[in-house]
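Everything on this sheet refers to the single structure shown next.
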2 protein chains.
Amino acid sequence: MTNQVTIKEVAARDGLQAQSVEISLDQRRELILSLVAAGVPELEIGSFVSPKAVPQMAGTDALAQTLPEAMTKYSALVPNMKGYELARREGIDQLAIVVSATEQMNQNNIRKSLEDTFSMASEIMRRAREEQVDIHAYLAVAFECPYEGRVNASVIMDQAQQLMRDAPGRLVIADTIGAANPRAVKSMMTELVAQFGVEALGCHFHDTRAMGLANVFAALDAGIRQFDSSAGGLGGCPFAPGAKGNVATEDVVMLCESAGLSTGINIEALLESVAHLTQMIGSEQGGRAHYWLTHNWQKMTA
Amino acid sequence: MTNQVTIKEVAARDGLQAQSVEISLDQRRELILSLVAAGVPELEIGSFVSPKAVPQMAGTDALAQTLPEAMTKYSALVPNMKGYELARREGIDQLAIVVSATEQMNQNNIRKSLEDTFSMASEIMRRAREEQVDIHAYLAVAFECPYEGRVNASVIMDQAQQLMRDAPGRLVIADTIGAANPRAVKSMMTELVAQFGVEALGCHFHDTRAMGLANVFAALDAGIRQFDSSAGGLGGCPFAPGAKGNVATEDVVMLCESAGLSTGINIEALLESVAHLTQMIGSEQGGRAHYWLTHNWQKMTA
């Protein structure tokens, strides 16, 4: 089992999209460049969705054109075939699509039935395969749905099987509302790894209940080596102090590096990105280990 | 493997002992009674140490005399045979002794050599066995020492073997400075469980680096079912905001209960203890999941 962990940085998409302050394209670009400088291997730069639905993500096409070549792989979220085409026009060749595990989440989120969402995903994955585009298929609310409650693990296993038929570059199990517990994560990821191997699997956790790192470890322990995370834990509700968003990249890097797993990310540079975010958003950002990292990490690695 | 998790609540000892505000015996008693009301199965009421060394723990003998009979098992920390005798005089029959894994930690902490500490522990354990007193032997700085750095796992295995010869009621592996990572915890506890079984093992984690819950899960996954924790995460340095102390009882209860493990602790009552602590200490107390628990737990369980 490899000791290399691949982190996909999602602050510039999943993080910013949850913010209520206005962020300019220049600011989004600056954030992305600072994260590239920290050495994140993959980075979601935005999404190609309707600017009416998600105004924070408007202009992702223009933004894409201004980004320099880098070691970082740029990624984008596309909601449908139109988004796929827009992203491809900008030359982005790692794209994320989302299907939710429950009927009600698909209906409320994108006004489509579960069945229609899965066939749309299948269509995009088949086309992507022909065009050699790397698709990450997200299975959202994989543990609990805000409308339907606890999701049965057997439902996820069946849906994973269905998605894997179209051979996405990665199937990402997403705990969209931060309701997973590490025991359920360990059990589900172990079963998925047994069926599909670790290479094509990833996890996306939210830190709503402070179990983000425990869930990351549970997945690591099951063999998973690909994780989404967000610098500063950006992504929580801006009006609720302590309501954390995505699991923080710096927390995941700290956990991995202290456990002898390598991420390739420079944590000091990453903490500068977090400081940058604090300025940009106008409120203190930072993961659960923010205090310890800002006070002790340098001493540790000195 | 049992789904029952036993929590030993240490806020009234490990937590209070780190505070700089003056706390009266009445206040300590009130805290203890509120934690008893929350249903904690075991509770460390204080320690029988010199009041010169640890003024916060002065009067534990008088305090013990005022505590009512309860379902909660009262426990105390004793530094030596004299402390053992003082605690026994108050009828406390679950006692904790501490040995540190490194020479320097023993020297700096109690001015004894490693060898002398281990023989003193052995003497107390043998006497306790004769007198049918339940002894918890703590192996402190089991992952990292503030003076000697990383502690080799093989050292801990040898020391565990040595301590187990005197058959303590529980051997508690303690990450005294909150430096453990879940991968090391999983590996060490798995090896210890294989040698000694789960019944006589426990863990004590600090949440300094926000890996407390990940470490608890790692130990749970290795089979461990006995944990120390502190209401509100009390125990951090009072002058360093965000420098968390012991892993918070409410966080551990949340993790366990959401993973289908039972603690017998009432989380609403526990959150009242935490509110009480906030008042008592004069600054906001609470674990990592404090925001979520205070805003959502009741809705969840309603």
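Going through the structure tokens in order, the chains are called A, B, and so on, while each chain numbers its residues from 1 and the ligands are numbered from 1 in the order shown.
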
I need the contact residues of chain B against chain A, so if you could list those with any atom within 6 Å, counting only C-alpha atoms, and return them as a ChimeraX atom specification, that would help.
/B:181,183,209-210,213-214,242,259,288-289,291-292

Write the selection just made, keeping N, CA and C atoms, as a PDB file, in the first residue's frame?
```
ATOM      1  N   ASN B 181      -0.565  10.016  16.695  1.00  0.00           N
ATOM      2  CA  ASN B 181      -1.354  10.017  15.459  1.00  0.00           C
ATOM      3  C   ASN B 181      -2.103   8.687  15.390  1.00  0.00           C
ATOM      4  N   ARG B 183      -2.564   6.401  13.246  1.00  0.00           N
ATOM      5  CA  ARG B 183      -1.930   5.214  12.663  1.00  0.00           C
ATOM      6  C   ARG B 183      -1.062   4.525  13.719  1.00  0.00           C
ATOM      7  N   ARG B 209      -3.668  18.515  19.106  1.00  0.00           N
ATOM      8  CA  ARG B 209      -3.518  18.669  17.656  1.00  0.00           C
ATOM      9  C   ARG B 209      -4.795  18.325  16.887  1.00  0.00           C
ATOM     10  N   ALA B 210      -5.915  18.319  17.606  1.00  0.00           N
ATOM     11  CA  ALA B 210      -7.215  18.043  16.974  1.00  0.00           C
ATOM     12  C   ALA B 210      -7.318  16.622  16.434  1.00  0.00           C
ATOM     13  N   LEU B 213     -10.219  12.710  18.440  1.00  0.00           N
ATOM     14  CA  LEU B 213     -11.277  11.781  18.020  1.00  0.00           C
ATOM     15  C   LEU B 213     -10.755  10.739  17.041  1.00  0.00           C
ATOM     16  N   ALA B 214      -9.832  11.136  16.184  1.00  0.00           N
ATOM     17  CA  ALA B 214      -9.239  10.167  15.252  1.00  0.00           C
ATOM     18  C   ALA B 214      -8.495   9.094  16.053  1.00  0.00           C
ATOM     19  N   GLY B 242      -7.845  27.837  22.073  1.00  0.00           N
ATOM     20  CA  GLY B 242      -7.725  26.805  21.039  1.00  0.00           C
ATOM     21  C   GLY B 242      -6.726  25.721  21.389  1.00  0.00           C
ATOM     22  N   ALA B 259     -21.781   5.921  16.144  1.00  0.00           N
ATOM     23  CA  ALA B 259     -21.226   4.706  15.547  1.00  0.00           C
ATOM     24  C   ALA B 259     -21.878   3.441  16.107  1.00  0.00           C
ATOM     25  N   ARG B 288     -14.587  19.932  20.428  1.00  0.00           N
ATOM     26  CA  ARG B 288     -14.515  20.337  19.023  1.00  0.00           C
ATOM     27  C   ARG B 288     -15.903  20.414  18.389  1.00  0.00           C
ATOM     28  N   ALA B 289     -16.814  19.578  18.856  1.00  0.00           N
ATOM     29  CA  ALA B 289     -18.136  19.527  18.229  1.00  0.00           C
ATOM     30  C   ALA B 289     -19.134  20.398  18.989  1.00  0.00           C
ATOM     31  N   TYR B 291     -20.223  23.443  18.847  1.00  0.00           N
ATOM     32  CA  TYR B 291     -21.227  24.193  18.087  1.00  0.00           C
ATOM     33  C   TYR B 291     -22.325  23.256  17.580  1.00  0.00           C
ATOM     34  N   TRP B 292     -21.906  22.178  16.962  1.00  0.00           N
ATOM     35  CA  TRP B 292     -22.901  21.266  16.400  1.00  0.00           C
ATOM     36  C   TRP B 292     -23.763  20.635  17.491  1.00  0.00           C
TER      37      TRP B 292
END
```

Alpha helix (DSSP H) positions in range 30-166 of chain B, given as an mmCIF file with N, CA and C atoms, in the first residue's frame:
```cif
data_model
loop_
_atom_site.group_PDB
_atom_site.id
_atom_site.type_symbol
_atom_site.label_atom_id
_atom_site.label_comp_id
_atom_site.auth_asym_id
_atom_site.auth_seq_id
_atom_site.Cartn_x
_atom_site.Cartn_y
_atom_site.Cartn_z
ATOM 1 N N GLU B 30 -19.810 20.462 43.185
ATOM 2 C CA GLU B 30 -20.923 20.744 42.265
ATOM 3 C C GLU B 30 -20.651 20.167 40.882
ATOM 4 N N LEU B 31 -19.419 20.369 40.413
ATOM 5 C CA LEU B 31 -19.042 19.837 39.100
ATOM 6 C C LEU B 31 -19.194 18.321 39.086
ATOM 7 N N ILE B 32 -18.665 17.687 40.127
ATOM 8 C CA ILE B 32 -18.739 16.222 40.213
ATOM 9 C C ILE B 32 -20.197 15.761 40.212
ATOM 10 N N LEU B 33 -21.040 16.419 41.002
ATOM 11 C CA LEU B 33 -22.446 16.002 41.071
ATOM 12 C C LEU B 33 -23.138 16.181 39.716
ATOM 13 N N SER B 34 -22.784 17.233 39.007
ATOM 14 C CA SER B 34 -23.429 17.441 37.713
ATOM 15 C C SER B 34 -22.979 16.374 36.711
ATOM 16 N N LEU B 35 -21.727 15.932 36.832
ATOM 17 C CA LEU B 35 -21.234 14.866 35.944
ATOM 18 C C LEU B 35 -21.832 13.511 36.325
ATOM 19 N N VAL B 36 -22.031 13.303 37.617
ATOM 20 C CA VAL B 36 -22.705 12.088 38.075
ATOM 21 C C VAL B 36 -24.123 12.057 37.500
ATOM 22 N N ALA B 37 -24.785 13.224 37.516
ATOM 23 C CA ALA B 37 -26.156 13.317 36.989
ATOM 24 C C ALA B 37 -26.203 13.015 35.486
ATOM 25 N N THR B 60 -8.762 17.017 48.591
ATOM 26 C CA THR B 60 -9.491 15.917 47.942
ATOM 27 C C THR B 60 -10.042 14.949 48.987
ATOM 28 N N ASP B 61 -9.331 14.823 50.128
ATOM 29 C CA ASP B 61 -9.841 13.947 51.196
ATOM 30 C C ASP B 61 -11.170 14.467 51.754
ATOM 31 N N ALA B 62 -11.212 15.768 52.047
ATOM 32 C CA ALA B 62 -12.449 16.372 52.560
ATOM 33 C C ALA B 62 -13.564 16.280 51.517
ATOM 34 N N LEU B 63 -13.208 16.531 50.272
ATOM 35 C CA LEU B 63 -14.178 16.453 49.175
ATOM 36 C C LEU B 63 -14.791 15.054 49.097
ATOM 37 N N ALA B 64 -13.933 14.034 49.191
ATOM 38 C CA ALA B 64 -14.394 12.645 49.078
ATOM 39 C C ALA B 64 -15.478 12.344 50.114
ATOM 40 N N GLN B 65 -15.313 12.928 51.309
ATOM 41 C CA GLN B 65 -16.258 12.634 52.400
ATOM 42 C C GLN B 65 -17.658 13.190 52.133
ATOM 43 N N MET B 81 2.858 5.678 47.641
ATOM 44 C CA MET B 81 2.205 4.849 48.655
ATOM 45 C C MET B 81 1.471 5.690 49.689
ATOM 46 N N LYS B 82 2.041 6.846 50.008
ATOM 47 C CA LYS B 82 1.367 7.726 50.969
ATOM 48 C C LYS B 82 0.001 8.168 50.412
ATOM 49 N N GLY B 83 -0.014 8.560 49.154
ATOM 50 C CA GLY B 83 -1.260 8.950 48.494
ATOM 51 C C GLY B 83 -2.241 7.791 48.459
ATOM 52 N N TYR B 84 -1.692 6.586 48.197
ATOM 53 C CA TYR B 84 -2.526 5.390 48.183
ATOM 54 C C TYR B 84 -3.239 5.227 49.524
ATOM 55 N N GLU B 85 -2.484 5.411 50.593
ATOM 56 C CA GLU B 85 -3.061 5.229 51.933
ATOM 57 C C GLU B 85 -4.102 6.299 52.258
ATOM 58 N N LEU B 86 -3.805 7.534 51.858
ATOM 59 C CA LEU B 86 -4.767 8.624 52.089
ATOM 60 C C LEU B 86 -6.073 8.359 51.344
ATOM 61 N N ALA B 87 -5.965 7.919 50.108
ATOM 62 C CA ALA B 87 -7.161 7.657 49.301
ATOM 63 C C ALA B 87 -7.950 6.490 49.876
ATOM 64 N N ARG B 88 -7.248 5.470 50.324
ATOM 65 C CA ARG B 88 -7.907 4.300 50.916
ATOM 66 C C ARG B 88 -8.636 4.674 52.188
ATOM 67 N N ARG B 89 -8.039 5.597 52.951
ATOM 68 C CA ARG B 89 -8.682 6.058 54.181
ATOM 69 C C ARG B 89 -10.052 6.671 53.895
ATOM 70 N N GLU B 103 12.934 8.282 30.831
ATOM 71 C CA GLU B 103 13.739 8.648 32.002
ATOM 72 C C GLU B 103 13.504 10.118 32.369
ATOM 73 N N GLN B 104 13.599 10.992 31.349
ATOM 74 C CA GLN B 104 13.568 12.424 31.621
ATOM 75 C C GLN B 104 12.222 12.896 32.142
ATOM 76 N N MET B 105 11.149 12.281 31.664
ATOM 77 C CA MET B 105 9.812 12.689 32.115
ATOM 78 C C MET B 105 9.623 12.307 33.580
ATOM 79 N N ASN B 106 10.099 11.138 33.968
ATOM 80 C CA ASN B 106 10.018 10.751 35.381
ATOM 81 C C ASN B 106 10.856 11.697 36.248
ATOM 82 N N GLN B 107 12.055 11.976 35.780
ATOM 83 C CA GLN B 107 12.954 12.881 36.520
ATOM 84 C C GLN B 107 12.315 14.258 36.693
ATOM 85 N N ASN B 108 11.832 14.831 35.594
ATOM 86 C CA ASN B 108 11.311 16.199 35.655
ATOM 87 C C ASN B 108 9.969 16.283 36.366
ATOM 88 N N ASN B 109 9.181 15.216 36.255
ATOM 89 C CA ASN B 109 7.823 15.260 36.773
ATOM 90 C C ASN B 109 7.758 14.911 38.249
ATOM 91 N N ILE B 110 8.495 13.870 38.644
ATOM 92 C CA ILE B 110 8.406 13.456 40.054
ATOM 93 C C ILE B 110 9.777 13.226 40.690
ATOM 94 N N LEU B 114 13.394 6.376 36.156
ATOM 95 C CA LEU B 114 12.440 5.461 35.524
ATOM 96 C C LEU B 114 12.340 4.168 36.334
ATOM 97 N N GLU B 115 13.514 3.645 36.715
ATOM 98 C CA GLU B 115 13.539 2.380 37.444
ATOM 99 C C GLU B 115 12.808 2.491 38.786
ATOM 100 N N ASP B 116 13.080 3.583 39.518
ATOM 101 C CA ASP B 116 12.426 3.769 40.817
ATOM 102 C C ASP B 116 10.916 3.923 40.664
ATOM 103 N N THR B 117 10.498 4.629 39.614
ATOM 104 C CA THR B 117 9.055 4.813 39.402
ATOM 105 C C THR B 117 8.381 3.467 39.160
ATOM 106 N N PHE B 118 9.026 2.645 38.315
ATOM 107 C CA PHE B 118 8.440 1.332 38.034
ATOM 108 C C PHE B 118 8.421 0.439 39.277
ATOM 109 N N SER B 119 9.433 0.525 40.125
ATOM 110 C CA SER B 119 9.358 -0.349 41.312
ATOM 111 C C SER B 119 8.336 0.156 42.312
ATOM 112 N N MET B 120 8.205 1.485 42.420
ATOM 113 C CA MET B 120 7.152 2.021 43.287
ATOM 114 C C MET B 120 5.773 1.577 42.789
ATOM 115 N N ALA B 121 5.570 1.661 41.468
ATOM 116 C CA ALA B 121 4.282 1.248 40.881
ATOM 117 C C ALA B 121 4.021 -0.225 41.184
ATOM 118 N N SER B 122 5.062 -1.026 41.057
ATOM 119 C CA SER B 122 4.915 -2.455 41.300
ATOM 120 C C SER B 122 4.488 -2.717 42.746
ATOM 121 N N GLU B 123 5.130 -2.000 43.658
ATOM 122 C CA GLU B 123 4.825 -2.152 45.081
ATOM 123 C C GLU B 123 3.356 -1.804 45.364
ATOM 124 N N ILE B 124 2.907 -0.665 44.805
ATOM 125 C CA ILE B 124 1.515 -0.242 45.013
ATOM 126 C C ILE B 124 0.553 -1.270 44.401
ATOM 127 N N MET B 125 0.868 -1.741 43.192
ATOM 128 C CA MET B 125 -0.030 -2.701 42.530
ATOM 129 C C MET B 125 -0.129 -3.996 43.331
ATOM 130 N N ARG B 126 0.999 -4.446 43.886
ATOM 131 C CA ARG B 126 0.958 -5.703 44.656
ATOM 132 C C ARG B 126 0.117 -5.542 45.917
ATOM 133 N N ARG B 127 0.309 -4.398 46.570
ATOM 134 C CA ARG B 127 -0.492 -4.153 47.780
ATOM 135 C C ARG B 127 -1.984 -4.022 47.424
ATOM 136 N N ALA B 128 -2.273 -3.304 46.337
ATOM 137 C CA ALA B 128 -3.661 -3.109 45.905
ATOM 138 C C ALA B 128 -4.332 -4.448 45.616
ATOM 139 N N ARG B 129 -3.558 -5.355 45.049
ATOM 140 C CA ARG B 129 -4.096 -6.669 44.707
ATOM 141 C C ARG B 129 -4.516 -7.410 45.975
ATOM 142 N N GLU B 130 -3.652 -7.328 46.976
ATOM 143 C CA GLU B 130 -3.984 -7.960 48.268
ATOM 144 C C GLU B 130 -5.233 -7.337 48.869
ATOM 145 N N ALA B 153 7.776 2.354 19.870
ATOM 146 C CA ALA B 153 6.676 1.465 20.267
ATOM 147 C C ALA B 153 7.183 0.224 20.993
ATOM 148 N N SER B 154 8.382 -0.226 20.674
ATOM 149 C CA SER B 154 8.896 -1.434 21.324
ATOM 150 C C SER B 154 9.197 -1.177 22.806
ATOM 151 N N VAL B 155 9.560 0.068 23.123
ATOM 152 C CA VAL B 155 9.765 0.447 24.532
ATOM 153 C C VAL B 155 8.449 0.307 25.292
ATOM 154 N N ILE B 156 7.374 0.788 24.681
ATOM 155 C CA ILE B 156 6.050 0.724 25.320
ATOM 156 C C ILE B 156 5.610 -0.732 25.490
ATOM 157 N N MET B 157 5.864 -1.565 24.489
ATOM 158 C CA MET B 157 5.485 -2.977 24.590
ATOM 159 C C MET B 157 6.211 -3.637 25.764
ATOM 160 N N ASP B 158 7.498 -3.335 25.917
ATOM 161 C CA ASP B 158 8.274 -3.904 27.030
ATOM 162 C C ASP B 158 7.752 -3.408 28.376
ATOM 163 N N GLN B 159 7.499 -2.111 28.454
ATOM 164 C CA GLN B 159 7.033 -1.538 29.722
ATOM 165 C C GLN B 159 5.628 -2.045 30.060
ATOM 166 N N ALA B 160 4.792 -2.218 29.031
ATOM 167 C CA ALA B 160 3.445 -2.747 29.256
ATOM 168 C C ALA B 160 3.538 -4.151 29.851
ATOM 169 N N GLN B 161 4.425 -4.944 29.272
ATOM 170 C CA GLN B 161 4.665 -6.306 29.758
ATOM 171 C C GLN B 161 5.059 -6.288 31.239
ATOM 172 N N GLN B 162 5.982 -5.394 31.540
ATOM 173 C CA GLN B 162 6.476 -5.269 32.917
ATOM 174 C C GLN B 162 5.337 -4.897 33.872
ATOM 175 N N LEU B 163 4.534 -3.903 33.495
ATOM 176 C CA LEU B 163 3.432 -3.467 34.355
ATOM 177 C C LEU B 163 2.373 -4.554 34.494
ATOM 178 N N MET B 164 2.098 -5.282 33.421
ATOM 179 C CA MET B 164 1.051 -6.304 33.439
ATOM 180 C C MET B 164 1.400 -7.483 34.348
#
```

Report, in Å with one decimal, the straight-line distance from CA of Gln132 in chain B to CA of Ala76 in chain B.
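Taking CA of Gln132 in chain B and CA of Ala76 in chain B, their separation equals 15.5 Å.
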
Point-to-point distance in Å for CA of Gln19 in chain B and CA of Ser113 in chain B:
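Here the two named atoms are 27.9 Å from each other.
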
Find the residues around Arg225 in chain B up to 9 Å (only C-alpha atoms counted), leave out those fewer than 4 positions away in its own chain, and share them as number ranges by chain.
B: 2-7, 198-199, 201-203, 219-220

What is the CA of Ile45 in chain A to CA of Val172 in chain A distance in Å?
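So the answer is 17.6 Å.
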
From the set A:Ala174, A:Leu77, A:Ile281, A:Met1, which residue has the shortest atom-to-atom contact distance to Ala140 in chain A, counting only C-alpha atoms?
A:Ala174
